[in-house]
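Novice: Handing over model09.txt, compact mmCIF, C-alpha atoms and all ligand atoms.
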```txt
# COMPACT_ATOMS: atom_id res chain seq x y z
CA MET C 1010 103.60 -11.12 -161.97
CA ALA C 1011 104.26 -13.91 -164.47
CA VAL C 1012 101.35 -14.80 -166.75
CA ILE C 1013 102.67 -18.24 -167.73
CA THR C 1014 104.34 -21.15 -165.96
CA THR C 1015 106.92 -23.39 -167.61
CA GLN C 1016 107.97 -27.00 -166.96
CA LEU C 1017 110.33 -29.53 -168.59
CA GLN C 1018 109.89 -33.18 -167.68
CA ASP C 1019 110.91 -36.34 -169.58
CA ASP C 1020 111.89 -34.27 -172.65
CA ILE C 1021 108.39 -32.69 -172.75
CA GLY C 1022 108.14 -28.94 -172.23
CA THR C 1023 104.90 -27.41 -170.96
CA ILE C 1024 103.88 -23.76 -171.12
CA THR C 1025 100.73 -23.07 -169.10
CA PHE C 1026 98.81 -19.82 -169.48
CA ASN C 1027 98.32 -18.43 -166.00
CA ASN C 1028 96.37 -15.17 -166.31
CA PRO C 1029 92.79 -16.33 -165.73
CA GLU C 1030 91.74 -12.91 -164.45
CA HIS C 1031 92.30 -11.49 -167.90
CA ARG C 1032 91.32 -14.69 -169.71
CA ASN C 1033 94.91 -15.46 -170.78
CA ILE C 1034 94.98 -12.61 -173.29
CA LEU C 1035 97.95 -12.70 -175.63
CA SER C 1036 99.35 -9.41 -174.37
CA LYS C 1037 102.89 -8.32 -175.19
CA GLN C 1038 103.85 -9.50 -171.69
CA MET C 1039 102.38 -12.97 -172.34
CA VAL C 1040 104.08 -13.20 -175.73
CA ASP C 1041 107.44 -12.06 -174.32
CA GLU C 1042 107.18 -14.67 -171.56
CA ILE C 1043 106.31 -17.41 -174.06
CA MET C 1044 109.26 -16.49 -176.27
CA GLN C 1045 111.65 -16.41 -173.28
CA SER C 1046 110.36 -19.73 -172.01
CA VAL C 1047 110.70 -21.43 -175.39
CA GLY C 1048 114.29 -20.18 -175.58
CA ALA C 1049 115.06 -21.47 -172.09
CA LEU C 1050 113.34 -24.82 -172.71
CA GLN C 1051 115.34 -25.29 -175.92
CA LYS C 1052 118.54 -25.18 -173.85
CA GLY C 1053 117.30 -28.37 -172.17
CA ARG C 1054 116.49 -31.64 -173.97
CA MET C 1055 113.00 -30.72 -175.13
CA ARG C 1056 111.56 -32.98 -177.84
CA VAL C 1057 107.92 -31.83 -177.66
CA LEU C 1058 106.22 -28.68 -176.33
CA VAL C 1059 102.68 -28.64 -174.89
CA ILE C 1060 100.87 -25.30 -174.70
CA ARG C 1061 97.84 -25.29 -172.36
CA ALA C 1062 95.77 -23.30 -169.91
CA LEU C 1063 95.19 -24.12 -166.25
CA LYS C 1064 93.07 -27.22 -165.55
CA GLY C 1065 89.39 -26.31 -165.50
CA SER C 1066 89.85 -23.12 -167.57
CA LYS C 1067 86.66 -21.80 -169.18
CA VAL C 1068 88.80 -19.68 -171.54
CA TRP C 1069 91.98 -21.08 -173.10
CA SER C 1070 92.82 -17.58 -174.35
CA ALA C 1071 90.78 -14.52 -175.25
CA GLY C 1072 93.21 -13.64 -178.02
CA HIS C 1073 95.02 -10.40 -178.77
CA ASP C 1074 94.92 -7.84 -175.96
CA VAL C 1075 92.50 -5.35 -177.49
CA HIS C 1076 94.04 -2.56 -175.38
CA GLU C 1077 97.24 -3.11 -177.37
CA LEU C 1078 95.64 -2.83 -180.81
CA PRO C 1079 96.95 0.27 -182.58
CA LEU C 1080 94.40 2.97 -183.44
CA PRO C 1081 93.54 3.69 -187.09
CA GLY C 1082 96.43 4.30 -189.44
CA ARG C 1083 98.64 1.45 -188.31
CA ASP C 1084 98.45 -2.21 -189.30
CA PRO C 1085 97.08 -4.08 -186.24
CA LEU C 1086 98.67 -7.38 -187.29
CA SER C 1087 101.95 -6.31 -188.85
CA TYR C 1088 104.95 -8.59 -189.21
CA ASN C 1089 106.47 -7.38 -185.93
CA ASP C 1090 103.24 -7.45 -183.91
CA PRO C 1091 103.96 -9.54 -180.75
CA LEU C 1092 101.14 -11.99 -181.56
CA VAL C 1093 102.30 -12.45 -185.18
CA THR C 1094 105.86 -12.96 -183.91
CA VAL C 1095 104.91 -15.75 -181.53
CA LEU C 1096 102.87 -17.49 -184.26
CA ARG C 1097 105.95 -17.57 -186.48
CA SER C 1098 108.15 -18.86 -183.68
CA VAL C 1099 105.76 -21.72 -182.88
CA GLN C 1100 105.49 -22.62 -186.56
CA SER C 1101 109.25 -22.65 -187.04
CA LEU C 1102 110.18 -24.39 -183.77
CA PRO C 1103 112.00 -27.58 -184.89
CA ILE C 1104 109.96 -29.76 -182.52
CA PRO C 1105 106.23 -30.69 -182.44
CA VAL C 1106 104.04 -28.30 -180.47
CA ILE C 1107 100.78 -29.70 -179.09
CA ALA C 1108 97.95 -27.32 -178.17
CA MET C 1109 95.98 -28.86 -175.32
CA ILE C 1110 92.65 -27.05 -175.46
CA GLU C 1111 90.22 -26.71 -172.57
CA GLY C 1112 87.86 -23.74 -172.81
CA SER C 1113 87.10 -21.15 -175.45
CA VAL C 1114 89.67 -19.82 -177.89
CA TRP C 1115 89.25 -16.34 -179.39
CA GLY C 1116 90.70 -14.41 -182.30
CA GLY C 1117 94.46 -14.46 -182.49
CA ALA C 1118 94.50 -17.30 -179.94
CA CYS C 1119 92.81 -19.48 -182.59
CA ASP C 1120 95.72 -18.66 -184.85
CA LEU C 1121 98.15 -19.55 -182.05
CA ALA C 1122 96.37 -22.87 -181.49
CA LEU C 1123 96.39 -23.57 -185.24
CA SER C 1124 100.07 -22.64 -185.41
CA CYS C 1125 100.67 -25.62 -183.16
CA ASP C 1126 101.20 -28.94 -184.93
CA ILE C 1127 98.63 -31.04 -183.11
CA LEU C 1128 95.47 -29.87 -181.35
CA ILE C 1129 93.87 -32.01 -178.68
CA GLY C 1130 90.74 -30.64 -177.07
CA CYS C 1131 87.92 -31.59 -174.74
CA HIS C 1132 84.21 -30.83 -175.12
CA SER C 1133 84.49 -27.36 -173.57
CA ALA C 1134 86.81 -26.29 -176.40
CA SER C 1135 85.41 -23.77 -178.88
CA PHE C 1136 86.98 -21.52 -181.50
CA CYS C 1137 85.84 -18.04 -182.50
CA MET C 1138 87.46 -15.88 -185.17
CA THR C 1139 86.71 -12.27 -184.22
CA PRO C 1140 88.29 -9.83 -186.72
CA ALA C 1141 84.89 -8.92 -188.22
CA LYS C 1142 83.48 -8.43 -184.71
CA ILE C 1143 86.12 -5.79 -183.99
CA GLY C 1144 86.60 -4.45 -187.52
CA VAL C 1145 90.13 -5.79 -187.91
CA PRO C 1146 91.63 -6.67 -191.33
CA TYR C 1147 93.16 -10.07 -190.67
CA ASN C 1148 96.57 -10.73 -192.19
CA VAL C 1149 97.42 -12.88 -195.22
CA SER C 1150 99.39 -15.57 -193.38
CA GLY C 1151 96.65 -15.92 -190.77
CA ILE C 1152 93.89 -16.32 -193.36
CA LEU C 1153 96.00 -18.84 -195.30
CA HIS C 1154 96.36 -20.79 -192.08
CA PHE C 1155 92.62 -21.24 -191.71
CA MET C 1156 92.15 -22.01 -195.42
CA ASN C 1157 94.81 -24.73 -195.28
CA ILE C 1158 93.37 -26.34 -192.19
CA MET C 1159 89.62 -26.09 -192.63
CA GLY C 1160 89.07 -25.25 -196.30
CA VAL C 1161 87.79 -22.04 -197.88
CA ASN C 1162 84.10 -22.27 -197.03
CA PHE C 1163 84.50 -23.20 -193.35
CA ALA C 1164 87.14 -20.44 -193.04
CA LYS C 1165 84.75 -17.92 -194.59
CA GLU C 1166 81.96 -18.96 -192.22
CA MET C 1167 84.24 -18.53 -189.18
CA PHE C 1168 85.49 -15.11 -190.30
CA PHE C 1169 82.12 -13.79 -191.53
CA THR C 1170 79.93 -14.89 -188.59
CA ALA C 1171 82.54 -14.32 -185.80
CA GLU C 1172 80.52 -17.01 -184.00
CA PRO C 1173 82.17 -19.65 -181.75
CA LEU C 1174 82.49 -23.12 -183.30
CA SER C 1175 81.97 -25.73 -180.59
CA ALA C 1176 84.20 -28.76 -180.11
CA GLU C 1177 82.36 -31.35 -182.20
CA PRO C 1178 81.99 -29.28 -185.39
CA ALA C 1179 85.50 -27.92 -184.82
CA ALA C 1180 86.84 -31.47 -184.76
CA LYS C 1181 84.84 -32.28 -187.92
CA ALA C 1182 86.28 -29.16 -189.62
CA GLY C 1183 89.81 -30.31 -188.80
CA LEU C 1184 90.52 -27.76 -186.05
CA LEU C 1185 91.09 -30.57 -183.55
CA ASN C 1186 93.18 -33.68 -184.18
CA HIS C 1187 91.46 -35.38 -181.24
CA LEU C 1188 88.38 -34.59 -179.13
CA VAL C 1189 88.56 -36.41 -175.78
CA ASP C 1190 86.67 -36.28 -172.47
CA VAL C 1191 88.13 -33.67 -170.11
CA GLU C 1192 89.19 -36.31 -167.59
CA ASN C 1193 91.33 -37.97 -170.30
CA LEU C 1194 92.66 -34.74 -171.84
CA GLU C 1195 95.96 -34.56 -169.95
CA GLY C 1196 96.64 -38.29 -170.13
CA PHE C 1197 95.89 -38.46 -173.85
CA THR C 1198 98.02 -35.39 -174.59
CA TYR C 1199 101.08 -36.48 -172.62
CA ASP C 1200 100.83 -40.08 -173.88
CA MET C 1201 101.06 -38.72 -177.43
CA ALA C 1202 103.89 -36.38 -176.44
CA THR C 1203 105.79 -39.29 -174.88
CA LYS C 1204 105.39 -41.40 -178.04
CA ILE C 1205 106.79 -38.50 -180.09
CA THR C 1206 109.84 -38.13 -177.78
CA ARG C 1207 110.81 -41.72 -178.68
CA ASN C 1208 111.07 -40.92 -182.43
CA SER C 1209 113.90 -39.27 -184.34
CA PRO C 1210 114.02 -35.55 -183.47
CA LEU C 1211 115.97 -34.78 -186.65
CA SER C 1212 113.50 -36.53 -188.93
CA ILE C 1213 110.55 -34.92 -187.13
CA GLY C 1214 112.12 -31.46 -187.26
CA VAL C 1215 112.79 -31.73 -191.01
CA ILE C 1216 109.32 -33.12 -191.78
CA LYS C 1217 107.72 -30.28 -189.77
CA GLU C 1218 109.70 -27.66 -191.75
CA GLN C 1219 108.92 -29.38 -195.08
CA ILE C 1220 105.18 -29.31 -194.30
CA ARG C 1221 105.42 -25.64 -193.22
CA LEU C 1222 107.17 -24.69 -196.46
CA LEU C 1223 104.79 -26.71 -198.65
CA ALA C 1224 101.68 -25.42 -196.85
CA SER C 1225 102.76 -21.79 -197.31
CA ALA C 1226 103.93 -22.30 -200.91
CA HIS C 1227 101.37 -19.98 -202.53
CA PRO C 1228 102.91 -17.83 -205.28
CA LEU C 1229 101.60 -14.30 -204.74
CA SER C 1230 102.83 -11.73 -207.25
CA PRO C 1231 104.17 -8.49 -205.75
CA ILE C 1232 101.29 -6.56 -207.31
CA THR C 1233 98.75 -8.97 -205.78
CA PHE C 1234 100.41 -8.67 -202.39
CA GLU C 1235 100.34 -4.88 -202.68
CA ARG C 1236 96.64 -5.05 -203.60
CA VAL C 1237 95.92 -7.14 -200.50
CA GLN C 1238 97.84 -4.73 -198.29
CA GLY C 1239 95.97 -1.82 -199.85
CA LEU C 1240 92.63 -3.50 -199.14
CA ARG C 1241 93.67 -4.17 -195.54
CA ARG C 1242 94.68 -0.51 -195.17
CA THR C 1243 91.20 0.68 -196.13
CA VAL C 1244 89.98 -1.33 -193.12
CA TYR C 1245 92.54 -0.30 -190.51
CA ASP C 1246 92.22 3.34 -191.65
CA SER C 1247 88.44 3.15 -191.29
CA LYS C 1248 86.06 4.60 -188.74
CA ASP C 1249 84.68 1.08 -188.30
CA TYR C 1250 88.04 -0.17 -187.01
CA ALA C 1251 88.13 2.64 -184.42
CA GLU C 1252 84.48 1.92 -183.54
CA GLY C 1253 85.20 -1.79 -183.09
CA ILE C 1254 87.94 -1.15 -180.56
CA LYS C 1255 85.98 1.59 -178.78
CA ALA C 1256 82.89 -0.58 -178.49
CA PHE C 1257 84.95 -3.46 -177.08
CA LEU C 1258 86.57 -1.24 -174.46
CA GLU C 1259 83.20 0.32 -173.59
CA LYS C 1260 81.72 -3.21 -173.32
CA ARG C 1261 78.91 -2.47 -175.82
CA PRO C 1262 78.02 -3.88 -179.24
CA PRO C 1263 79.76 -2.03 -182.09
CA SER C 1264 77.72 0.00 -184.60
CA PHE C 1265 79.51 -0.40 -187.94
CA THR C 1266 78.68 2.00 -190.80
CA GLY C 1267 80.96 0.57 -193.48
CA GLU C 1268 83.04 3.76 -193.49
C1 LIG C 1301 91.72 -7.30 -173.59
C2 LIG C 1301 90.24 -8.69 -172.49
C3 LIG C 1301 90.07 -9.47 -173.64
C4 LIG C 1301 90.81 -9.11 -174.81
N1 LIG C 1301 91.62 -8.02 -174.74
O1 LIG C 1301 85.10 -12.46 -168.86
O2 LIG C 1301 91.53 -12.03 -184.27
S1 LIG C 1301 91.43 -10.59 -184.20
O3 LIG C 1301 91.83 -9.94 -185.42
O4 LIG C 1301 90.08 -10.20 -183.76
C5 LIG C 1301 92.51 -10.07 -182.93
C6 LIG C 1301 92.68 -8.58 -182.99
C7 LIG C 1301 92.07 -10.55 -181.60
O5 LIG C 1301 92.47 -11.58 -181.14
O6 LIG C 1301 91.16 -9.72 -180.96
C8 LIG C 1301 90.68 -10.21 -179.65
C9 LIG C 1301 89.56 -11.17 -179.91
N2 LIG C 1301 88.97 -11.65 -178.63
C10 LIG C 1301 87.69 -11.52 -178.31
O7 LIG C 1301 86.89 -10.96 -179.03
C11 LIG C 1301 87.29 -12.11 -176.97
C12 LIG C 1301 86.93 -10.95 -176.06
N3 LIG C 1301 86.56 -11.43 -174.71
C13 LIG C 1301 85.34 -11.98 -174.45
O8 LIG C 1301 84.47 -12.12 -175.32
C14 LIG C 1301 85.11 -12.41 -173.02
O9 LIG C 1301 86.13 -11.84 -172.20
C15 LIG C 1301 85.21 -13.95 -172.87
C16 LIG C 1301 84.00 -14.61 -173.59
C17 LIG C 1301 86.53 -14.47 -173.46
C18 LIG C 1301 85.17 -14.28 -171.37
O10 LIG C 1301 84.02 -13.66 -170.82
P1 LIG C 1301 83.94 -13.50 -169.24
O11 LIG C 1301 82.62 -12.89 -168.95
O12 LIG C 1301 84.32 -14.77 -168.59
P2 LIG C 1301 85.11 -10.87 -169.10
O13 LIG C 1301 84.58 -10.53 -170.43
O14 LIG C 1301 84.52 -10.21 -167.90
O15 LIG C 1301 86.69 -10.57 -169.16
C19 LIG C 1301 87.48 -10.64 -167.99
C20 LIG C 1301 88.52 -9.57 -168.14
O16 LIG C 1301 89.37 -9.86 -169.27
C21 LIG C 1301 89.35 -8.77 -170.17
C22 LIG C 1301 88.02 -8.08 -169.94
O17 LIG C 1301 88.08 -6.76 -170.40
C23 LIG C 1301 87.90 -8.20 -168.44
O18 LIG C 1301 88.76 -7.25 -167.87
P3 LIG C 1301 88.17 -6.11 -166.89
O19 LIG C 1301 87.52 -6.88 -165.79
O20 LIG C 1301 89.39 -5.33 -166.48
O21 LIG C 1301 87.20 -5.33 -167.74
N4 LIG C 1301 89.46 -9.26 -171.55
C24 LIG C 1301 88.83 -10.31 -172.08
N5 LIG C 1301 89.18 -10.47 -173.36
N6 LIG C 1301 90.76 -9.81 -175.94
N7 LIG C 1301 91.05 -7.61 -172.44
```
What is this structure when it is put down as structure tokens?
Specialist:
Amino acid sequence: MAVITTQLQDDIGTITFNNPEHRNILSKQMVDEIMQSVGALQKGRMRVLVIRALKGSKVWSAGHDVHELPLPGRDPLSYNDPLVTVLRSVQSLPIPVIAMIEGSVWGGACDLALSCDILIGCHSASFCMTPAKIGVPYNVSGILHFMNIMGVNFAKEMFFTAEPLSAEPAAKAGLLNHLVDVENLEGFTYDMATKITRNSPLSIGVIKEQIRLLASAHPLSPITFERVQGLRRTVYDSKDYAEGIKAFLEKRPPSFTGE
């Protein structure tokens, strides 16, 4: 059964998460359907893409499907991980992608929302970065994302506390472009999308790619990159990483030992 629905109207594509039972987790199935839909929508005249959950959703997306996290010894967020793949495809799509946020956003879903170009949320929106709650070593591109958008100290607070940031402080920290009342959320989002469809798609596409390249222009020497990967390995090889996943699946708080 499909976990998303797709629509193209007046040059605006819409992908709606439609797996409320499992809180719109970014499972491989969800990611595959998103990638297929984006490909199909690009065959039409799509100038803007809106990514959203169903109206009235309490959870926009609960993030990576924890059942699909590899057990110790393998990088949980490697280059080819389905979630990491969809983040790259959203970032490199040559059209603006608007995340319309209603409900809570967790873990990798925060990264998906932040991979979009514009975030418009209502007061039920919240953002929670959960790697430390599960014992996951987040990846370099994901961390850079948060640093670029909210600055080092806010990023550290989100990663270290693994506490949800509610809509108002999230908007102040730059996680939301606009915070609007829920009854205006759709209207505001599609009004902005319509305005964008009237502008030059070539100019917009080039500006989006220029900003992506400039924002990720951080020289990292090979030895530094290898050091980072080595540090991440000590985490995903750890007992704590296994404990984090086990505790999640057993629906109990994890007991981390630092080993
Ligand atoms: C699998 C789930 C999930 C889920 N996976 O409903 O960023 S990183 O590095 O951490 C990355 C690895 C990542 O993204 O990790 C995932 C981070 N996500 C979370 O920590 C959120 C985990 N979920 C929750 O805290 C709750 O589900 C929320 C608060 C989102 C909703 O709570 P609520 O009480 O409304 P349930 O918890 O009862 O969840 C409904 C069903 O969805 C499953 C969950 O196991 C349950 O399925 P079962 O009824 O079959 O048990 N589910 C929720 N999140 N990330 N499965």
Novice: From the options C:Val1059, C:Leu1188, C:Val1093, C:Ala1182, which residue's atoms come nearest to ligand LIG 1301 (chain C), counting only C-alpha atoms and all ligand atoms?
Specialist: C:Val1093
Novice: So the first atom is CA of Met1201 (chain C) and the second is CA of Leu1184 (chain C); what is the distance between them in Å, to one decimal place?
Specialist: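 Distance reported for this atom pair: 17.5 Å.
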Novice: Kindly work out which residues sit at most 9 Å from ligand LIG 1301 (chain C), using all atoms listed in the file, and give the list as an MDAnalysis selection string.
Specialist: chainID C and resid 1029:1036 1067:1078 1085:1086 1092 1113:1120 1137:1148 1171 1257:1258 1260
Novice: Fewer than 2 positions away in the same chain doesn't count, so skip those; otherwise give me all residues within 10 Å of Ser1264 (chain C), counting all atoms listed in the file, as a ChimeraX atom specification.
Specialist: /C:1249,1252-1253,1256,1261-1262,1266-1267
Novice: Output the selection as a JSON list (two decimals), in the coordinates of the input - C-alpha atoms for each residue.
Specialist:
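Resulting contents of out-v7.json:
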```
[["chain", "number", "residue", "atom", "x", "y", "z"],
["C", 1249, "ASP", "CA", 84.68, 1.08, -188.30],
["C", 1252, "GLU", "CA", 84.48, 1.92, -183.54],
["C", 1253, "GLY", "CA", 85.20, -1.79, -183.09],
["C", 1256, "ALA", "CA", 82.89, -0.58, -178.49],
["C", 1261, "ARG", "CA", 78.91, -2.47, -175.82],
["C", 1262, "PRO", "CA", 78.02, -3.88, -179.24],
["C", 1266, "THR", "CA", 78.68, 2.00, -190.80],
["C", 1267, "GLY", "CA", 80.96, 0.57, -193.48]]
```
Novice: Please compute the CA of Asp1190 (chain C)-CA of Thr1015 (chain C) distance, one decimal, in Å.
Specialist: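 About the pair CA of Asp1190 (chain C) and CA of Thr1015 (chain C): they are 24.5 Å apart.
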Novice: Taking only C-alpha atoms into account, name the residue in C:Ile1127, C:Met1044, C:Met1039, C:Leu1102 that is nearest to Val1215 (chain C).
Specialist: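 Closest candidate: C:Leu1102.
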Novice: Could you give me, as JSON lines, a per-residue list for region 1149-1210 of chain C showing, wherever an atom lies at most 12 Å from an atom of region 1094-1098 of chain C, the closest pair of atoms and their distance in Å to one decimal, using only C-alpha atoms and sorting by chain then residue number from low to high?
Specialist:
```
{"residue": "C:Ser1150", "atom": "CA", "partner": "C:Arg1097", "partner_atom": "CA", "distance": 9.7}
{"residue": "C:Gly1151", "atom": "CA", "partner": "C:Leu1096", "partner_atom": "CA", "distance": 9.1}
{"residue": "C:His1154", "atom": "CA", "partner": "C:Leu1096", "partner_atom": "CA", "distance": 10.7}
```
Novice: Between C:Gly1214, C:Phe1136, C:Tyr1199, C:Pro1105, which is the closest to Gly1183 (chain C) once you count only C-alpha atoms?
Specialist: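 The shortest atom-to-atom distance to Gly1183 (chain C) comes from C:Phe1136.
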Novice: Mind listing as JSON, numbers by chain all residues within 6 Å of (102.3, -22.5, -185.8), counting all atoms listed in the file?
Specialist: {"C": [1096, 1099, 1100, 1124, 1125]}
Novice: Which is closer to Thr1014 (chain C) than all the others in C:Arg1236, C:Lys1165, C:Arg1061, C:His1132, using all atoms listed in the file?
Specialist: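 Answer, going by the shortest atom-to-atom distance: C:Arg1061.
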Novice: Pick from C:Gln1045, C:Asp1084, C:Phe1265, C:Phe1168: nearest to Leu1240 (chain C), with all atoms listed in the file counted?
Specialist: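 Checking each candidate against Leu1240 (chain C), we get C:Asp1084 as the closest.
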Novice: What does the distance from CA of Pro1091 (chain C) to CA of Val1106 (chain C) come to in Å, to one decimal?
Specialist: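 Rounded to one decimal, the two atoms are 18.8 Å apart.
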Novice: Give me, as a PyMOL selection string, all polymer residues having an atom no more than 9 Å from His1187 (chain C), counting only C-alpha atoms and skipping those fewer than 4 positions away in the same chain.
Specialist: chain C and resi 1127-1131+1180
Novice: Axis-aligned box over every listed atom of region 1088-1091 of chain C, padded by 4 Å per side: centre and edges in Å to one decimal, as AutoDock Vina command-line options?
Specialist:
```
--center_x 104.9 --center_y -8.5 --center_z -185.0 --size_x 11.2 --size_y 10.2 --size_z 16.5
```
Novice: Using all atoms listed in the file, which residues sit within 10 Å of Asp1019 (chain C) once same-chain residues fewer than 3 positions away are excluded, as a PyMOL selection string?
Specialist: chain C and resi 1022+1054-1057+1202-1203+1206
Novice: So, counting only C-alpha atoms, which residue among C:Asp1246, C:Glu1218, C:Asp1020, C:Asp1090 is closest to Pro1103 (chain C)?
Specialist: C:Glu1218
